[in-house]
Structure formats: C-alpha cells, structure tokens
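Single-structure report; data block below.
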Amino acid sequence: MGGLQTGGGTSAVAASAHAGCERFRLTDPFIIGENRRALAVRLGEPDTGAGIPQARWIRAMTFEKLVRDDRFAAELVTTTVGQLGLARPTAVRRRACRADAATTATELATAHRQAMNAGEATMLVGLAVPYLDLEHVADASHILPDFAVVCPRPGGDRIDGSWLIMGDAKDYERVRSRIDDSRMLKGFLQVALGAESAAAWSALPDGMRVHDHGTLAVPRNAFLRPQAVVERLDDHRAEVRARAQERLAARSADGDGDGTPRPTDLTDYVAHLEATFDPGSCTTCNLFTYCRAELRASDTPRSLLIEIGVKPAQRNAVEPLVTGTAATGRVPHTTLAQVTATVTGMPQWHHRPRTDPCGLHGTVNLVLVKSDGSALGVHGVAIQTVSATGPGEWTRLAFVDPQAADTRRAVMALIGRAIREHHEAGVEPVHLVVPDRATTDLLASAADSLAGVELSRLRWQRDQDCGRTLRTFDDEEATLPVPLTADERLAVSFLLEEDRARTMRMRTPLVDLHSVLLAHVVPGGPAVDAGRLDYLITWAEAIAPLDHRKVSDTIAEQIETPGARLSNRASDALFHASRRGPESDYRRLVTAALDYRISVLERALTILDALPVSRLRDVHRALESDAQQVWRRRHTLQASDLVRFSRMYPHWRNSQVDLLDADRTCGDQLTCLTDLSFAQDKARDAGVRQLAFATVVGLNPIRLDVRSRRLGHEVTVVALHLNDRSLVEEAGTTLTIQKGSFKLGRLPMGTLTEIPDVDGLVWAPKIEPDLAVGDELVLADAAWFKTFKSGHEIAVSRPALDKQAAPTIDCTPESYQTDPDAHRWCCKSHAAAEADWADELAARRERGELNPAVWPPLLDDEHFDITPSGDMPEPETTTAPHNLTRDDLD
Amino acid sequence: MTITFTTPTADTAEALHHQRAAHGNNQAAAQASKALTDALDATAAYDKILLRAAAGAGKTHALRHMVQQALDHPSCSRVAVTAFANKQVIPLASDLGRELGADRVCLFIARDRWADIPPEIHDNVSVATGTADIPASCDVIVGTSHKLGAFGETKRLLQYLGPADNGSSPFDVLFVDEAWQLPAHRYATVEKLAPISVGVGDVGQLPPLEPGEQNPWRGDPGHNPYRAWPTAYPAGPTTRIVDLPAVWRPTATQLPLWRAFYTDWDQLHCVAAPGDRAVQLPPMTGTAASVWNAVADGNPTLLEIEGLPEPEAADIDLPLLGVLEQLLDPLLDGGFRTVTRSYNGQGAPASEVVVDSTAPHGDPLIVILATRNQAVDDATDLVERLTERYDLPEGVLVASTVDSWQGQTNAITIAIHPLSGAEQLDEFNSAFGRLAVTCTRATHGLLMIARHGLDDLLDTTPARPGTPLGEPGPRFLPRQTHQRILSAFAKGLLTVPPSV
C-alpha cells in the first residue's frame, strides 16, 4: 500500500479512543509509513482478532447502498434540512462523487450553483476530501464521507450562499429501539473529521460554508431504512482537530516531514514506546496482541496487574498479593478476588447465598444464535421448560431465513407456549433464563418489532373498516399484516413487560445467567474476559489451579460462543452454508451452535445448584410474583401491554420516578443484608455513610473499633455480617414478608456510646451475638432501615407495584366499553386506542399535518418495523477489507 | 513559597457593564411582563412564559414584579408561587408579603417545617399548614411543589378557596421560581393549578438527580421526568421564552467563566464593572499570600497541588482539605474585608459596601462546597475546627452540598475540582450542572483546588459522550467542555510540603 495513509474517518475515532497511549500515537501510519495491522505482522504478533464476518459486512454495504438509493436520498436530505430549521428546498437532487477529490470538487460547485440559483438541495454521495491540512501532500489518502448535503444558505430575504452539511452512514444496531451514545459519538467524530477537512479544503466554492451541525444516517428500524440524526459538531470538531494536529505534529517532529524510521529499527522503536495497556479498550488496536505478549513475557508483578486490567490507582494496593504478601489500601473486593484468582489459579467465591430463580419450577431456559446479517436475525433457538418434576426436553429450531418476520414469530410462539404452560399449571412468577444480556436485548427488540407491526395492524384495520387507504408514517401504501397468534402475543407482551421493568433492579422476568453467576464467582485473568459465560464456568468448575492465560486463549480461539452472538468464524461458516447449501449443512451448524450454548447453560445451572440458597430468595420471588399479576391483567385485557419502555406515556414515566427510587433502595438493602462482599465494598467506600467495618476490641460490655467518620457516638447501628456469616441467614433471625415491607427480627442492634478513656465505642445490642475479641463486623446505620420499638427489628420497604396505566383488579373486558371515561387510563384496549389514533391520523393527514405535506418533516421516533417499500437492494458479496475490524462498523 | 498564577486564556469578548448591562435585563423583563399581560388579556395563547437567566441575573426580582402585575390585572384574582425547596419559598414569601401585605400573602407550609420559618417572617406573611387555614384575604399562596402538588391538593384548594377568575382552576397564574431546578415529574403535580405557568430560573441549575443514578430516559426524545420542566416547552405559539442577558452576581473578571457555562446564550453581560469589587486581605506571606491575592484579583482561580498522600477516594480527599485548612488559617486569623459597589435598580453605581469578617452581614463570606455526603461531612468538620480556632462569627465560613446551595450567593466560593484525582472522565466528574452551580455562587472570588494533573488527564483520556447540560440540548464532549471551563481560570501549582 503506497502513499501516506491517513486512516480516513475511522482514524479520528481511534486517535480519540487511544489518546493516552504513547505507543499508539507514535506508531501512527504518518510516522512509520504503514498501518498498525501490517506493523503487528512485522513485529511477529499479528492481530488475530481483526476481520469482519461476511454477513456483517454485507449488512453494512447494504445500508450504505440504501443511503444512496433514490428512495431514501430525498428523505434524508429533507429531514436533515428540516431539522436545521432551514427552508424547504425547491427540489432534491443526488450526485455521485465516485470517491474522487476532483469529482467531489466539481460536484460541490454544481450543487452550490443549484442551491444559489434554484434553491435546490443536493445529496452528494461517495465524496473524497483531502485529510485536514494534507491537501497539498500529493500521495496522502483522502477521507471518504458517505454523503453530504448542500442546500441554500439564507441571508435575510435572499440566498447568501450554500451550506455544506457533512454526513456519514453507519448501520448501528438499535437495541431496544435505541442506539447507544458511545456509538453515536464514534459516528459523529467521523462526520466531524469530514467537516473539519472540508472547511479547510481550498476547493470549496466561494460562498459555501460548512455547517456547524452534521448528519448521521442510521437505521430507523430492523429493515435498515435510513434515518438522519442531526447534531451540533462544535466539540466533535475540536476533538478531531486536536487529534489530527497531534498526528501531524508527530509526523513532522523529525524535521524531514515523513518521519519514517528505517524498517530495521521498527522492532526496537516500538519496544521503546510506552504502552498504556487496558485489556478492555485496547482490543480495538491492531497492536493489542503485541502489547499483551510483551506484558506476558515480563515477570514483574506490575506487568501482571496491567495485563489483567487492574486500574492504575489500585495497583500499589494489590501488588503485594502478586508477591505473596497481604494487600494494602482500599480496593474493591472484586479486584482483590480477581488478583487472587489470577495468582492462585483458583476461582474466588463471593460470600453470598443465591437469590436467583434459575432452575426453579416456573422458569424457561432459552438460548439462541443471532445472525450478523440483521439486527433481529436469528439462526436458531432452543427452549426448555422447567416444571415441578424438573427440566423438560430441549426444543430446537433452526431458521433458514434468519431475517424473516416469520422467524421472529416462530421464536415468540415457542416462548409464548412455554409461558402459557406455566400459567396453565398455576405457576407464578415465570422467568425466562438466558445466557447473556445480548440475548435479552435481542428478544425484547424482536418483541418490540412485532408489537409495532401488531399496533399498526390494529390502526390499519380501523382504516380499512372506514374505507381509508392504509398509510405508513411516510405516506407509503401499506398492506394489512397477519395478526399475532395468542402464544406469539403472550410472548411479545411478556418481553415488553421485561422491557418496561428493566430499570427495576428487583424485577426479573428475564434472568441473565451470566450476571447471576458473576455475582457469585470471580475468575482470574482480565475482567473483560469474564464477560463470557463459558470463561466464567471454566473457572467456576476448576478443581485444580488454572493458567489464566491458557484459559483466555483457549476460549478466545473457540469457534463456538455461549451467548447470542457468533464468533467471526462461526458466522462465516453459517453464511457460506446458507449460501452454498445444502440446507442440511446449515442446519447442522445451527444445531451445533445451539448445543454448545445449551451445554454451557446447563453447566452454569449445575454450578448454581451447588450453592447455598438465601432465605431472601422468597422475598425476591414475592416481589416478582406480585408485579407479574399486574402484567397478567394488562395482557388479559390487552391494555398497554404492547408498549415498550421508551413509548410509555408521560404520566407513567412520572410515576416511575418514585418507584425507581424505592426499587434502588430496596435492592441495595437486600443485597447488603445477604452479600458480604457487596456490603464490605460499600463499607470500604469512603463515600458511603450507612455502612462501616468494625472490629470487636472488648467484651462485657462489647466495645467496637468502628472504622467510620459517620457511625459514632449515639448512632444506633445494626450488625449485618459477623466475620464471613450473614446474620440475616442465621436461624435465629426472623423474616416476615409483609404487604409493605420485609421485616427482619432478632438482629443485633444497639446504640454506640463513646466513653472517655475507654478504647473503642461501647455497643449494647438488645440481642447480643456471640462475639470474640478480634471478630469483624459490618455495621449499618439503623436509620437506613425502618426500625421498631422492639429494638431488634428492621424492615426493608417494598417498592410499590407499577399500577399506572394498568387495569385494576376490578376491570373486566367490558369495563371500557361500559364506561369509557372511567376506564380510559386503565383498561382501554390497544384495539380501541389504535382505532382512535387511526382516526386522529386520518384527520391530520387531511389537514396536511403529516409527511410529506408538512414542513419541517415529522421525525419517526417510534421506529416501528413496517414493511419496507419496494425491493431491498441486492446484497453485495464483497468481503470486508482485511484491515478493518468489527470496531470500524459497530 | 510563592506561586505564580497563569492568566486565564478564555476569550474575553466585549462585555457591557452597569446601566448598559442592566438595561438589557430590564427590557427582557418587560417583554416577559408584556407576554403575561397578553396571556391574561387572552390576546396571546401563551400558557407557558419562561424567563431564562444565567445565575445571579436578578430573576427573582423580576418574578416578584410579575406577581404584582398579575394581581393588578382584572382577569387575575389569585396566583400561586412555588419552588422546589422551602429554603427558596420562605424568603420569597417574605419578600412578597413585605411588598403586598401579610393579609394577601400566605406561606403554605408542611406542619413539620413550621420550625424552619424564621420568627421575623411571621410579621410579613400569613402562614397556613392546612388548606382550610389559608385566610380568605390571601390572593398569593406560596408553597413548595411538594406542598402545593400533594395528592388531592387542587381539589382541596378549590373546595376552600373556590376557583380563581378563570372559573375552573384555583389560581389564574402559577409562578415557578428556580424553575430549572424543578423536574418535570414534580411540575406535573402542580401544573394544573393554573392555566398559565410562569417559570423563572437559571438554566444551569440541577434537577435533583445524582449523577450516575439511573435516569433511564437519558437521551430519550420523549418525556423525561427528571429533566427540568421548562426544557419540554420550546418557543412557539403557546410558549414565550425571554432571556435575561446580564448577570448581577459575578465580578467582571469572572464573566468568561460564566460564558463558558452558558455557551448557547446570544450575549451575556455583567453589571459589575472592573474595580467594583475587592477583597482586602490581611498581611500574609508565602503560598497563602499568592493564593488569596490571586483569588482577590477576581479571576476564577485554580490551585493544583502535587505531592500529597493518597486520598480515600477522588472526591473524599482529606489531605487536600488539609492544604486548604493551612491556606485558610492566615486569612481567617488576620481577618479580611469585602468591598462591593452597590447599584440602583438600573445598574448605576452607587455607594460602596464594606463587610469585615469580624462583623459580617448579608451573604456568607466564604462557602466550601462539596459534592457528596462524606465529602460534605469532612468540609463541615473543617469549618467547625476553623470556626472554633478563630472564634469566627456566624456568616464567615460555611460548608454545604452543591445541590442545596443552589440559588444562594456568597462572597468567596471554595471547592474541590471534580476532576481532582480522577483517572478518566466519567459521569460523576463530568456532571456540568453541579460544576456550574459551584462556579456561579461567588460575588468576589472563586478558588478551586485539585490534585495536579488536570491538563494531562484532559489531553489523554479517551473521548466519551457527554450529557447535555440540563438536557435536552446539543450533545457535547466532556473533554472540550472541561477545557473550555478551565481556560477561564488563573492556574497555579503548589508542591507540598508547603511553607504556608
């Protein structure tokens, strides 16, 4: 690869992400003359994590093609221009720049003229713009924005010139209808580099100005239909400018401008650059393997701590653990356990009994294999119901068309049937147990997609009944979809209940097994590796010391993965099998993927089975059970049950505030009561005043050395843990599940008293625990809980049930029809609500208040998956450039 | 040891002072008043009138004027005035009572907060704890949003007071002071009290949500219950928004810092002109002299300190507070005076007011602001030690949380910079609303202290997405925002052990 490689737009993101690493900065292609991927090969540590699965690449290319497609170009231009408060253009054109700077300059000039003379807006696609300040370096590679918009720039009553609004296309996945902020940041940094470079380009026509906002085309829904998001770029431009200037300064640092060390020096050169290694964030750098190998080769304790990702501020405190002496300083228990596990090779267990429902009657185990080809694509699913007699048989399904709506419906039908069977057996609450967070997100997003179609169907049904044409948000003609079956609807309703409840710590309609296990065991090695359930299990099952590096490497090299997402190799194998056939090959691969996931899930359940169960598990079950009763009323009356969290009404959202507060406090208190490690971390945290460590320094009377600046003289405290025993779990402690709280009795609680000339604080609990000098206690401020006159009881308040916008216990299917005003906010069914909404939309359309008549265009924030118009572009079968990684797309 | 402080690098675009600055505010207030009159006349369809201000713009004065104006209007028989906290409501009720008479103004307060009412306020206002106790003569009812928005309160008000002139709601206008401090979910409980809401406040204030605490609607385009309620109402046919373009509180040299927080303000001017404020220091030497001279100059001052032992947590930093204590020792021992030029209502300079730390009056002289519980406890301990050591009279030295100091004014603010000791940018140390409140309380001087390394941190930390100030708003990057703010500070470095 010749010439000066700028790295294009993604270089801005990478430079920003790795700004603190000298080795990254000084191995810039500007300095060494080749990209880091090639450098890693030359250094003997190639980046094995690089590469993009074929299906993922095709999805990205398809999206870019859609952005350039005439059907969507006009929509992207008008919504961009409209969001900026500019006038409606007289016409919208599209012009291709063919990734060539000269053509881009020509097309910019043409678009500028059209804006000035005719008030038109132009979408330029496939631009090439010289990298910031490298316009006159002949062989410097250009940055290649996917698109930009040129439109009239008003000045009073006339057109003063044109705006150039830089843009880019990113097929970021919507998870539960949202694209997370960190992805949007990456996208807009790329847009900003385009804007900065364009602003500095001498070929920009006179009178054309780069707008201070940029536009990012992202998928509006699972069908990849693009939508323009417009944001101000001031800070993004400052960020990329600073990073670009840093790179350019480094390039010219040696005076001759090209800064290229002799290739024979490279090994030595790189070795002398200081790396700021973090196993979590460095994986996006091609030199990750090189830097890790360097750390692994070092025998200093510090290198090991860096390798496993211990934070710099904690390294001094835990270094003695590596050398075999005790730890010093304030370090969270998890970090201590991580280092201990790494050094000893044995897993470290938190002192907490189980409160999760995994394996209980009423649970449904589920694993699935997500397709890289679409946000909601599923290759296969397997499901197992746990009845009173134990786990049943696994049902496996493989889908030859992962992207199809029918596939999603089939998954829902399976889940719905399992839930229905539990309900029919009178079991409550029901929990869906899945191996990771990505699985829950995919299920909830798929449910939302189907709910959107179902709600649209109800609206269109009304239109059809009234003889109106069925219209989408963008005024395209729609066809009436097939209704959801009862089981499908039950599953969709359940999963959207999970979506609404996901902010509640105490709610568990879906249980992420990985999080459950992680709350019990700390593995060795990098904390980021513990993000995989099979890695966690390998540690949890260890009966002999493990080599953490070997475990990490083995797991990373495996073709199979435990959660929803596939490894690159597995993804490509499925892609090729589905393309080339025979179908049996594809099905075999899907089944193998499912089998691996099932085995991991079952091993995890076996590990959990061996752990003690907390008496507070009943408390958790009671909370979920009561909450599911409300949901079942919603489902039965089909009222407000097909609404995801981000579509709930303002009134409901307002009422959630108090519920969230109560839920958070309840969660914190219950966890502190049972989980010693959690309570110890809280007691160790200087910012937490409610808990503290204490050591027994005397008996008769009990005297405590309380390590707190807050819990002192005349403060009443309750002991939660004695050495490694949770006092709540002791047989003597009473537990009563009440309507408004969970009451615990016979706990040691008393006031601390300072007595002059006496060491420690005297503590006189009404119920005296059996103590010895030197015993360690975790104390809590009794005022944190509700207390009673008895002097030995505390209560944890229950969060109220989410009863807003939900049917009451007295509502019946006829209630709304009988008295619409009284039942408007509780049990009005979706069918009635959508019929009203269809009438309202028809009236608005009549008045010209909807797209495309209205200006500025309305923006779709529902992101419903209505059927795309016309054909999708034919996917290209090109493979991803070898120097790109998944990070370049996601 | 002498410390050299750098000169702030922030742009100091031309600023207006005195009458020219105050004139803009008076004009803006007049526009808001006109909008209220138009709404009551029913010649405009406004149901929300929002008077937006930077901190210390004299907005509460404008609110009182509008209350009077509303009561003088023939279509307005009764108004409610609310705010988030009693500490805002009580003085506001007192001021209104002084202007309108105790028989017309009722402070409506929870029974268990009766003790919070200073005795002298009872002379100015009627006080009621139950709806039935509100005197019939009162046409201004002042209470917190919790009190006025209590379950069933609208019904009770209608039952005992009857509807106001509009015929259906108990009030014709609802005034919300410190409106940007009131989250949407609380405003929802009082919104229906009147057909017109007038919100007056500082856009840089904090709705009561801890950074890092769950706000599941962050970034959601729909209704966000935690957001300041006025942000849900963009200017339009039913919403009139007026900006106050000048601030009364800061020194002229602090204005660039204020502008760094209010970047989307078209213009921001400062009534105080250079030389209008001064801090007269006792004879001091060494580090303390350098630091307090820098603060007394009026520039926002940042003192970075290196060589300290490790703190318990980045923001719970006893060694750093130890340095502060050493710096405060000679200042409090020798005593100091603040000199303040007073102005008439039009911003014209009048006499000088001198406050001596031996006999303070008016706003507190020095306030130490801290972010969270234990940090506040430590600051309070420091204040108690120094108060005892130098037998300080009340009003010289105070400690408070940032959140509860909102809306308050003091001469000198001292705080630990949120990036002190940080390893990276996160949601806690990039909560700019809290930083804005910290930086905009002082009339004379601002001292931020931090462990050394802020610039390095900001140069090398990975970029992260930012939370817009007050949401919604443009997404920003915390790195650039911090850099913009820090460029308004005079910076110095102290290496310990200091010879203060």
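Please note that chains go A, B, ... in the order of the structure tokens, that every chain numbers its residues from 1, and that ligands are numbered from 1 in the order shown.
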For Gln408 (chain B), find every residue with an atom within 12 Å (counting only C-alpha atoms), except residues of its own chain fewer than 3 positions away, and show them as an mmCIF file with C-alpha atoms, in the first residue's frame.
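Saved as result.cif:
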data_model
loop_
_atom_site.group_PDB
_atom_site.id
_atom_site.type_symbol
_atom_site.label_atom_id
_atom_site.label_comp_id
_atom_site.auth_asym_id
_atom_site.auth_seq_id
_atom_site.Cartn_x
_atom_site.Cartn_y
_atom_site.Cartn_z
ATOM 1 C CA ALA B 55 -27.171 32.525 37.660
ATOM 2 C CA GLY B 56 -27.432 35.768 39.591
ATOM 3 C CA THR B 60 -36.397 36.650 41.461
ATOM 4 C CA LYS B 87 -35.365 27.489 51.634
ATOM 5 C CA GLN B 88 -36.407 29.191 48.379
ATOM 6 C CA PRO B 91 -37.717 34.125 51.741
ATOM 7 C CA GLU B 178 -35.895 28.460 40.252
ATOM 8 C CA ASP B 202 -31.284 29.744 35.959
ATOM 9 C CA GLN B 205 -29.474 24.536 37.718
ATOM 10 C CA ARG B 249 -23.583 38.482 40.767
ATOM 11 C CA GLY B 362 -25.514 39.899 54.303
ATOM 12 C CA ASP B 363 -24.427 36.905 52.227
ATOM 13 C CA PRO B 364 -21.972 34.448 53.806
ATOM 14 C CA LEU B 365 -18.360 35.380 53.175
ATOM 15 C CA VAL B 367 -18.556 28.871 51.440
ATOM 16 C CA LEU B 369 -18.969 23.419 48.562
ATOM 17 C CA SER B 400 -22.676 22.955 52.110
ATOM 18 C CA THR B 401 -23.535 20.492 49.421
ATOM 19 C CA VAL B 402 -23.582 21.995 45.963
ATOM 20 C CA ASP B 403 -27.184 20.947 45.423
ATOM 21 C CA SER B 404 -28.546 22.645 48.479
ATOM 22 C CA TRP B 405 -26.544 25.808 47.801
ATOM 23 C CA ALA B 411 -18.530 36.330 48.569
ATOM 24 C CA ILE B 412 -15.925 33.612 48.070
ATOM 25 C CA THR B 413 -16.542 30.030 46.949
ATOM 26 C CA VAL B 437 -23.693 25.804 40.372
ATOM 27 C CA THR B 438 -20.337 25.649 42.176
ATOM 28 C CA CYS B 439 -18.725 28.211 39.901
ATOM 29 C CA THR B 440 -21.547 30.742 39.857
ATOM 30 C CA ARG B 441 -22.225 31.440 43.525
ATOM 31 C CA ALA B 442 -19.496 33.975 44.299
ATOM 32 C CA THR B 443 -19.603 37.763 44.147
#
Discussion item. Near chain A, meaning an atom within 9 Å, which residues of chain B appear when counting only C-alpha atoms? Write them as a ChimeraX atom specification.
Written reply: /B:184-186,188,214-217,219-226,312-313,315-316,372-375,377-378,423,457,459-466,474-481
Which neighbours of Thr27 (chain A) fall inside 10 Å, counting only C-alpha atoms, when residues of the same chain fewer than 5 positions from it are skipped, and could you give them as a PDB file with C-alpha atoms, in the first residue's frame?
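Printed below is around.pdb as written:
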ATOM      1  CA  GLU A  22       2.252   6.850  23.543  1.00  0.00           C
ATOM      2  CA  ILE A  32       6.061   4.706  10.341  1.00  0.00           C
ATOM      3  CA  GLY A  33       4.654   4.619   6.826  1.00  0.00           C
ATOM      4  CA  GLU A  34       2.445   1.565   7.207  1.00  0.00           C
ATOM      5  CA  ASN A  35      -0.717   0.726   9.075  1.00  0.00           C
ATOM      6  CA  ARG A  36      -0.652  -0.884  12.500  1.00  0.00           C
ATOM      7  CA  LEU A  39       3.215  -3.378  11.736  1.00  0.00           C
ATOM      8  CA  ARG A 247      -0.703  13.275  14.433  1.00  0.00           C
ATOM      9  CA  ALA A 250       4.322  13.808  15.371  1.00  0.00           C
ATOM     10  CA  LEU A 266      10.938  -0.796  13.901  1.00  0.00           C
ATOM     11  CA  TYR A 269      11.485   1.567  18.011  1.00  0.00           C
ATOM     12  CA  VAL A 270       8.129   0.132  19.059  1.00  0.00           C
ATOM     13  CA  LEU A 273       7.433   3.301  23.201  1.00  0.00           C
ATOM     14  CA  LEU A 287      -1.081  -3.882  18.405  1.00  0.00           C
TER      15      LEU A 287
END
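Every protein, DNA or RNA residue with an atom at most 8 Å from Ser342 (chain B), where only C-alpha atoms count and chain neighbours fewer than 3 positions away do not, is listed here: B:Pro349, B:Ala350, B:Ser351, B:Glu352, B:Val353.
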Item to complete: Pull the strand (DSSP E or B) assignments for region 288-438 of chain B out of DSSP run on the backbone, and list those residues as number ranges by chain.
Response: B: 301-306, 313, 316, 337-343, 349-356, 366-370, 397-401, 410-416
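Residues within 9 Å of Asp839 (chain A), counting only C-alpha atoms and excluding same-chain residues fewer than 4 positions away, are Arg459, Arg462, Asp463, Glu834, Ala835, Ala843 and Arg844 of chain A.
Each of B:Pro256, B:Gly152, B:Gly143, B:Pro319 was compared to Ala10 (chain B) using only C-alpha atoms, and B:Pro256 turns out to be the nearest.
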Discussion item. So that I can check the surroundings of Asp165 (chain B), please list as a count of residues only every protein, DNA and RNA residue that reaches within 9 Å of it, counting only C-alpha atoms and ignoring chain neighbours fewer than 6 positions away.
Written reply: 7
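Residues lying within 7 Å of region 374-384 of chain A, counting only C-alpha atoms and ignoring same-chain neighbours fewer than 5 positions away, are Arg59, Glu173, Ala222, Val364, Asn365, Leu366, Val367, Leu368, Val369, Pro391, Gly392, Glu393, Trp394, Thr395, Arg396, Leu397, Ala398, Phe399, Pro402, Gln403, Val411, Leu442, Ala446, Val590 and Leu594 of chain A.
Closest approach to Trp460 (chain A) among A:Arg703, A:Arg71, A:Ala842, A:Glu583: A:Ala842, based on only C-alpha atoms.
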Worksheet item: What does the distance between CA of Ser640 (chain A) and CA of Asn851 (chain A) come to in Å, to one decimal place?
Response: 26.7 Å
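Taking CA of Leu589 (chain A) and CA of Thr606 (chain A) as the two end points, the separation is 25.8 Å.
Note that the spacing between CA of Thr733 (chain A) and CA of Arg746 (chain A) amounts to 5.2 Å.
Using only C-alpha atoms, the smallest distance between any of B:Gly204, B:Gly298, B:Gly199, B:Pro309 and Ala436 (chain B) comes from B:Gly204.
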